[in-house]
$ cat run.txt   # compact mmCIF, C-alpha atoms and all ligand atoms
# COMPACT_ATOMS: atom_id res chain seq x y z
CA MET A 1 15.32 -113.37 -82.23
CA THR A 2 18.07 -110.80 -82.26
CA ASP A 3 20.83 -111.12 -79.69
CA SER A 4 21.93 -107.57 -79.00
CA VAL A 5 24.99 -106.59 -77.05
CA GLN A 6 24.88 -102.96 -78.14
CA GLY A 7 23.31 -101.74 -74.94
CA ASP A 8 25.20 -98.46 -74.97
CA THR A 9 23.74 -97.52 -78.36
CA GLN A 10 20.57 -96.73 -76.47
CA THR A 11 22.27 -94.00 -74.46
CA ALA A 12 24.26 -92.20 -77.18
CA ALA A 13 22.41 -90.22 -79.83
CA ALA A 14 21.67 -92.50 -82.76
CA LEU A 15 22.78 -91.45 -86.23
CA ILE A 16 20.86 -94.27 -87.89
CA SER A 17 17.80 -95.86 -86.46
CA ALA A 18 16.06 -98.81 -88.10
CA GLU A 19 12.84 -100.20 -86.68
CA GLY A 20 11.09 -103.33 -87.87
CA LEU A 21 12.37 -103.06 -91.43
CA GLY A 22 10.77 -105.34 -93.97
CA VAL A 23 11.21 -105.51 -97.74
CA ARG A 24 9.09 -107.72 -99.93
CA PHE A 25 10.09 -108.64 -103.46
CA ARG A 26 8.32 -110.49 -106.18
CA ARG A 27 10.31 -113.54 -107.22
CA ASN A 28 8.90 -113.71 -110.70
CA ARG A 29 5.51 -113.48 -112.23
CA GLY A 30 3.67 -116.74 -112.40
CA SER A 31 5.68 -118.53 -109.74
CA ARG A 32 3.55 -120.65 -107.43
CA ARG A 33 3.22 -120.17 -103.74
CA SER A 34 5.30 -122.76 -101.95
CA PHE A 35 3.73 -125.80 -100.35
CA LYS A 36 4.76 -124.44 -96.96
CA ASP A 37 2.99 -121.14 -97.65
CA LEU A 38 -0.31 -122.95 -98.11
CA PHE A 39 -0.16 -123.98 -94.47
CA ALA A 40 1.17 -120.69 -93.14
CA GLY A 41 -1.16 -118.50 -91.09
CA ARG A 42 -3.04 -115.85 -92.99
CA ALA A 43 -0.96 -112.97 -91.60
CA ARG A 44 2.31 -114.62 -92.62
CA ARG A 45 1.14 -115.36 -96.09
CA THR A 46 2.63 -113.25 -98.82
CA ARG A 47 0.98 -112.59 -102.12
CA ARG A 48 1.62 -114.93 -105.00
CA GLY A 49 5.30 -114.98 -105.96
CA GLU A 50 6.38 -112.60 -103.21
CA PHE A 51 8.89 -113.15 -100.45
CA TRP A 52 10.44 -111.12 -97.67
CA ALA A 53 14.07 -110.25 -98.48
CA LEU A 54 14.25 -108.54 -95.06
CA ARG A 55 11.92 -108.82 -92.09
CA ASP A 56 11.80 -107.38 -88.56
CA VAL A 57 15.24 -105.79 -88.77
CA SER A 58 15.92 -103.23 -86.03
CA PHE A 59 19.15 -101.60 -84.91
CA THR A 60 20.63 -98.22 -84.06
CA VAL A 61 24.02 -96.86 -85.04
CA ARG A 62 26.03 -94.16 -83.30
CA PRO A 63 28.22 -91.72 -85.24
CA GLY A 64 31.66 -93.15 -85.97
CA GLU A 65 30.71 -96.81 -85.74
CA ALA A 66 32.14 -99.19 -88.35
CA ILE A 67 29.70 -101.97 -89.07
CA GLY A 68 30.31 -105.13 -91.06
CA VAL A 69 27.25 -106.75 -92.60
CA VAL A 70 27.66 -110.50 -93.04
CA GLY A 71 25.59 -113.37 -94.34
CA ARG A 72 25.53 -115.85 -97.18
CA ASN A 73 24.57 -114.80 -100.72
CA GLY A 74 21.03 -113.54 -101.03
CA GLN A 75 20.34 -113.02 -97.32
CA GLY A 76 19.47 -109.32 -97.57
CA LYS A 77 22.78 -107.47 -97.05
CA SER A 78 22.60 -105.27 -100.14
CA THR A 79 18.90 -104.70 -99.56
CA LEU A 80 19.70 -103.38 -96.08
CA LEU A 81 22.32 -100.98 -97.44
CA LYS A 82 19.88 -99.74 -100.08
CA LEU A 83 17.41 -98.88 -97.32
CA VAL A 84 20.07 -96.91 -95.44
CA ALA A 85 21.00 -95.16 -98.71
CA ARG A 86 17.28 -94.49 -99.30
CA VAL A 87 17.39 -95.79 -102.84
CA LEU A 88 14.81 -98.37 -101.71
CA PHE A 89 11.86 -97.87 -99.38
CA PRO A 90 10.74 -100.47 -96.85
CA ASP A 91 7.35 -102.20 -97.07
CA GLU A 92 7.33 -102.36 -93.28
CA GLY A 93 9.03 -100.36 -90.56
CA ARG A 94 11.13 -97.26 -90.89
CA VAL A 95 14.73 -96.12 -91.09
CA SER A 96 15.94 -92.68 -90.18
CA VAL A 97 19.39 -91.39 -91.02
CA GLY A 98 20.54 -88.19 -89.39
CA GLY A 99 22.82 -87.10 -92.22
CA GLY A 100 23.78 -87.68 -95.84
CA VAL A 101 24.94 -91.03 -97.12
CA ALA A 102 27.74 -91.68 -99.61
CA PRO A 103 26.88 -95.03 -101.16
CA LEU A 104 29.20 -97.32 -103.09
CA ILE A 105 26.63 -100.03 -103.45
CA GLU A 106 26.54 -101.08 -107.06
CA ILE A 107 29.39 -100.86 -109.49
CA THR A 108 27.69 -98.32 -111.70
CA GLY A 109 25.20 -97.16 -109.07
CA GLY A 110 24.39 -93.51 -109.55
CA PHE A 111 26.75 -93.11 -112.50
CA VAL A 112 25.34 -92.39 -115.93
CA GLY A 113 26.82 -94.60 -118.63
CA ASP A 114 26.50 -92.13 -121.47
CA LEU A 115 28.15 -89.29 -119.57
CA THR A 116 31.90 -88.89 -119.43
CA VAL A 117 33.93 -89.50 -116.28
CA ARG A 118 34.27 -85.72 -115.91
CA ASP A 119 30.52 -85.14 -116.09
CA ASN A 120 29.81 -88.04 -113.74
CA VAL A 121 32.19 -86.64 -111.13
CA HIS A 122 30.41 -83.26 -111.33
CA LEU A 123 26.97 -84.85 -111.28
CA THR A 124 27.57 -87.14 -108.30
CA ALA A 125 29.45 -84.56 -106.26
CA GLY A 126 26.74 -81.97 -107.06
CA LEU A 127 23.95 -84.33 -106.03
CA HIS A 128 25.72 -84.80 -102.71
CA GLY A 129 25.73 -81.10 -102.06
CA LEU A 130 29.21 -79.96 -103.11
CA THR A 131 29.32 -76.54 -104.74
CA LYS A 132 30.90 -75.98 -108.15
CA ARG A 133 33.86 -74.41 -106.43
CA GLU A 134 34.29 -77.35 -104.05
CA ILE A 135 34.07 -79.80 -106.93
CA ALA A 136 36.66 -77.84 -108.92
CA ALA A 137 38.98 -77.87 -105.91
CA ARG A 138 38.68 -81.66 -105.51
CA PHE A 139 38.44 -82.70 -109.16
CA ASP A 140 42.14 -83.28 -109.82
CA SER A 141 42.67 -85.31 -106.67
CA ILE A 142 39.58 -87.42 -107.44
CA ILE A 143 40.96 -88.23 -110.89
CA GLU A 144 44.47 -88.77 -109.56
CA PHE A 145 43.30 -91.14 -106.82
CA ALA A 146 41.37 -93.15 -109.40
CA GLY A 147 44.29 -93.13 -111.85
CA ALA A 148 41.71 -92.00 -114.41
CA ALA A 149 43.57 -89.14 -116.15
CA ASP A 150 43.46 -90.95 -119.50
CA VAL A 151 39.72 -91.55 -119.40
CA ILE A 152 38.41 -88.19 -118.18
CA ASP A 153 36.49 -87.61 -121.40
CA THR A 154 35.49 -91.24 -121.98
CA PRO A 155 31.84 -92.24 -121.48
CA PHE A 156 31.54 -94.06 -118.17
CA LYS A 157 30.01 -97.11 -119.87
CA HIS A 158 33.22 -97.69 -121.83
CA LEU A 159 35.40 -98.05 -118.73
CA SER A 160 36.55 -101.46 -117.53
CA SER A 161 34.71 -102.70 -114.45
CA GLY A 162 37.83 -102.13 -112.32
CA MET A 163 38.12 -98.56 -113.59
CA LYS A 164 34.43 -97.91 -112.88
CA VAL A 165 34.99 -98.93 -109.27
CA ARG A 166 38.10 -96.76 -109.04
CA VAL A 167 36.24 -93.69 -110.22
CA ALA A 168 33.19 -94.42 -108.08
CA PHE A 169 35.21 -95.04 -104.90
CA SER A 170 37.32 -91.98 -105.55
CA VAL A 171 34.29 -89.68 -105.82
CA ILE A 172 32.28 -91.26 -103.02
CA SER A 173 35.21 -91.15 -100.61
CA GLN A 174 35.72 -87.42 -101.22
CA LEU A 175 32.19 -86.33 -100.43
CA ASP A 176 31.44 -84.74 -97.09
CA GLU A 177 28.64 -87.15 -96.15
CA PRO A 178 28.89 -88.58 -92.62
CA VAL A 179 27.89 -92.12 -93.63
CA LEU A 180 29.82 -94.30 -96.08
CA LEU A 181 28.32 -97.49 -97.50
CA VAL A 182 30.62 -99.96 -99.24
CA ASP A 183 29.08 -103.07 -100.75
CA GLU A 184 31.66 -105.63 -101.87
CA VAL A 185 32.64 -103.61 -104.90
CA LEU A 186 36.21 -103.17 -103.68
CA ALA A 187 36.90 -106.81 -104.49
CA VAL A 188 36.88 -105.79 -108.16
CA GLY A 189 39.85 -103.42 -107.89
CA ASP A 190 43.43 -104.63 -108.31
CA LYS A 191 45.68 -105.20 -105.29
CA ALA A 192 47.43 -101.83 -105.38
CA PHE A 193 44.17 -99.93 -105.71
CA ARG A 194 42.57 -101.94 -102.92
CA ALA A 195 45.46 -101.02 -100.64
CA LYS A 196 44.87 -97.35 -101.49
CA CYS A 197 41.16 -97.70 -100.75
CA TYR A 198 41.92 -99.31 -97.39
CA ARG A 199 44.15 -96.41 -96.42
CA ARG A 200 41.42 -93.99 -97.46
CA ILE A 201 38.82 -95.87 -95.40
CA ASP A 202 41.19 -95.70 -92.41
CA GLU A 203 41.39 -91.92 -92.88
CA LEU A 204 37.62 -91.58 -93.14
CA LEU A 205 37.12 -93.60 -89.97
CA ALA A 206 39.73 -91.49 -88.21
CA GLU A 207 37.70 -88.42 -89.25
CA GLY A 208 34.74 -89.94 -87.41
CA LYS A 209 32.70 -91.14 -90.39
CA THR A 210 30.29 -94.00 -90.01
CA LEU A 211 30.90 -97.06 -92.18
CA PHE A 212 28.74 -99.94 -93.36
CA LEU A 213 30.83 -102.58 -95.08
CA VAL A 214 29.34 -105.61 -96.81
CA SER A 215 32.05 -108.15 -97.40
CA HIS A 216 32.75 -111.85 -97.62
CA ASN A 217 36.36 -111.14 -96.66
CA GLU A 218 36.89 -111.84 -92.98
CA ARG A 219 40.19 -109.98 -92.85
CA ASP A 220 38.64 -106.79 -94.20
CA LEU A 221 35.74 -107.07 -91.80
CA ARG A 222 38.01 -107.55 -88.77
CA ARG A 223 40.33 -104.79 -89.94
CA PHE A 224 37.74 -102.05 -90.28
CA CYS A 225 34.70 -103.02 -88.29
CA THR A 226 34.03 -103.04 -84.59
CA ARG A 227 30.48 -104.28 -84.83
CA GLY A 228 28.74 -106.83 -87.02
CA LEU A 229 25.20 -107.40 -88.25
CA TYR A 230 24.59 -110.99 -89.28
CA LEU A 231 21.67 -111.52 -91.65
CA ASN A 232 20.19 -114.92 -92.36
CA GLY A 233 17.03 -115.44 -94.36
CA GLY A 234 16.39 -111.69 -94.20
CA ARG A 235 16.41 -111.72 -90.37
CA LEU A 236 18.98 -110.03 -88.18
CA VAL A 237 20.18 -113.03 -86.20
CA LEU A 238 23.07 -111.37 -84.39
CA ASP A 239 24.11 -107.78 -83.68
CA GLY A 240 27.33 -107.68 -81.71
CA PRO A 241 31.12 -107.20 -81.72
CA ILE A 242 32.51 -108.15 -85.13
CA ASP A 243 34.60 -111.03 -83.73
CA ASP A 244 31.54 -112.62 -82.12
CA VAL A 245 29.51 -112.17 -85.29
CA LEU A 246 32.20 -113.73 -87.49
CA ASP A 247 32.68 -116.63 -85.06
CA ARG A 248 28.96 -117.33 -85.05
CA TYR A 249 28.77 -117.06 -88.84
CA ALA A 250 31.70 -119.47 -89.23
CA ALA A 251 30.10 -121.91 -86.77
CA ASP A 252 26.78 -121.77 -88.65
CA HIS A 253 28.42 -122.23 -92.03
CA PRO A 254 31.56 -124.34 -91.77
CA VAL A 255 33.61 -124.30 -94.98
CA ASP A 256 33.79 -128.09 -95.30
N1 LIG A 301 14.74 -105.91 -107.13
C1 LIG A 301 14.59 -107.17 -106.72
N2 LIG A 301 13.54 -107.91 -107.13
C2 LIG A 301 13.36 -109.18 -106.71
N3 LIG A 301 14.20 -109.80 -105.85
C3 LIG A 301 15.27 -109.12 -105.41
C4 LIG A 301 15.52 -107.78 -105.81
N4 LIG A 301 16.67 -107.35 -105.20
C5 LIG A 301 17.08 -108.38 -104.45
N5 LIG A 301 16.26 -109.45 -104.57
C6 LIG A 301 16.35 -110.74 -103.86
O1 LIG A 301 16.33 -110.45 -102.46
C7 LIG A 301 17.18 -111.35 -101.76
C8 LIG A 301 18.21 -110.57 -100.98
O2 LIG A 301 19.09 -109.96 -101.93
P1 LIG A 301 20.38 -109.13 -101.50
O3 LIG A 301 20.99 -108.60 -102.75
O4 LIG A 301 20.01 -108.15 -100.44
O5 LIG A 301 21.30 -110.26 -100.88
P2 LIG A 301 22.82 -110.18 -100.38
O6 LIG A 301 22.84 -110.72 -99.00
O7 LIG A 301 23.36 -108.81 -100.59
O8 LIG A 301 23.53 -111.22 -101.36
P3 LIG A 301 25.05 -111.28 -101.99
O9 LIG A 301 25.97 -111.72 -100.92
O10 LIG A 301 24.89 -112.33 -103.03
O11 LIG A 301 25.34 -109.93 -102.56
C9 LIG A 301 17.75 -112.30 -102.82
O12 LIG A 301 16.94 -113.45 -102.86
C10 LIG A 301 17.64 -111.49 -104.09
O13 LIG A 301 17.54 -112.35 -105.21

$ encode --input "run.txt" --output "structure tokens"
Amino acid sequence: MTDSVQGDTQTAAALISAEGLGVRFRRNRGSRRSFKDLFAGRARRTRRGEFWALRDVSFTVRPGEAIGVVGRNGQGKSTLLKLVARVLFPDEGRVSVGGGVAPLIEITGGFVGDLTVRDNVHLTAGLHGLTKREIAARFDSIIEFAGAADVIDTPFKHLSSGMKVRVAFSVISQLDEPVLLVDEVLAVGDKAFRAKCYRRIDELLAEGKTLFLVSHNERDLRRFCTRGLYLNGGRLVLDGPIDDVLDRYAADHPVD
């Protein structure tokens, strides 16, 4: 069951509202149903080889909240962000987002490998509603922030993984979307670039943007987030202040 301490989210207008979200994936063709599944009730039974990556996940988010999503590997964090970004649709429940979403959820997500950095910047910014004029006005600062002047005309697929993240973060963080999703990718950047990204995230939060941050780095989570969502086995086991969520997570999974 979810412990919720976000009582006041009910009173303020929700920007994001998720109700009973469930996502079912197929593990692999030909895999057998587990022994436990054979004894599960009919309603709980999933089809051969399928499992719930997320189940019964509900929460609401007010504009300007900064939310850290925590949980061990494979517990459904990225899947949750993909639902908010609407690049994945739930098998159960619904999610509504009252505004555009700028997602940094997979290193190359949304970027086209065969297109140059220049074309990718135009494509992504255009898809997120910026006009040609707005893109032209921001282009130089996007490239400068990424430190990508030397690779403007290089196909995206030829960039190093760190440089891909630089370009992607730089574009995503200069869109006008009210919601920003950041899924671990920042760990790939070097120290100096990470510091730049952190300053940019601070600015975006100060502007009132809403942030979802998936991270295994406690310091980053405490620095940016006020609230945490703790996923375990695809279930939302705790929704509360980030310090409480991290304490509970640490207690559930001691390092030694
Ligand atoms: N397209 C897919 N097809 C099948 N299984 C998938 C798919 N995407 C994710 N999964 C599985 O769903 C589960 C949840 O994955 P998810 O990526 O959301 O976890 P996560 O909490 O973000 O993990 P990590 O911390 O390792 O990034 C995992 O078991 C994963 O293998």

$ residues_around --input "run.txt" --residues "region 68-77 of chain A" --least-positions-apart "2" --cutoff "8 Å" --atoms "all atoms listed in the file" --output "list in words"
Ala53, Leu54, Ala66, Thr79, Leu80, Leu81, Phe212, Leu213, Val214, Ser215, His216, Leu221, Cys225, Thr226, Arg227, Gly228, Leu229, Tyr230, Leu231, Asn232, Gly233, Gly234, Ile242, Leu246 and Tyr249 of chain A

$ closest_residue --input "run.txt" --among "A:Arg138, A:Ala102, A:Gly22, A:Pro254" --to "Leu204 (chain A)" --atoms "all atoms listed in the file"
A:Ala102

$ residues_near_point --input "run.txt" --point "(19.2, -89.5, -85.8)" --cutoff "6 Å" --atoms "all atoms listed in the file" --output "list in words"
Ala14, Leu15, Ile16, Val97 and Gly98 of chain A

$ axis_aligned_box --input "run.txt" --around "ligand LIG 301 (chain A)" --padding-each-side "3 Å" --output "JSON"
{"center_x": 19.7, "center_y": -109.7, "center_z": -103.1, "size_x": 18.6, "size_y": 13.5, "size_z": 14.1}

$ atom_distance --input "run.txt" --atom1 "atom O2 of ligand LIG 301 (chain A)" --atom2 "CA of Ile105 (chain A)"
12.6 Å

$ atom_distance --input "run.txt" --atom1 "CA of Leu211 (chain A)" --atom2 "CA of Lys157 (chain A)"
27.7 Å
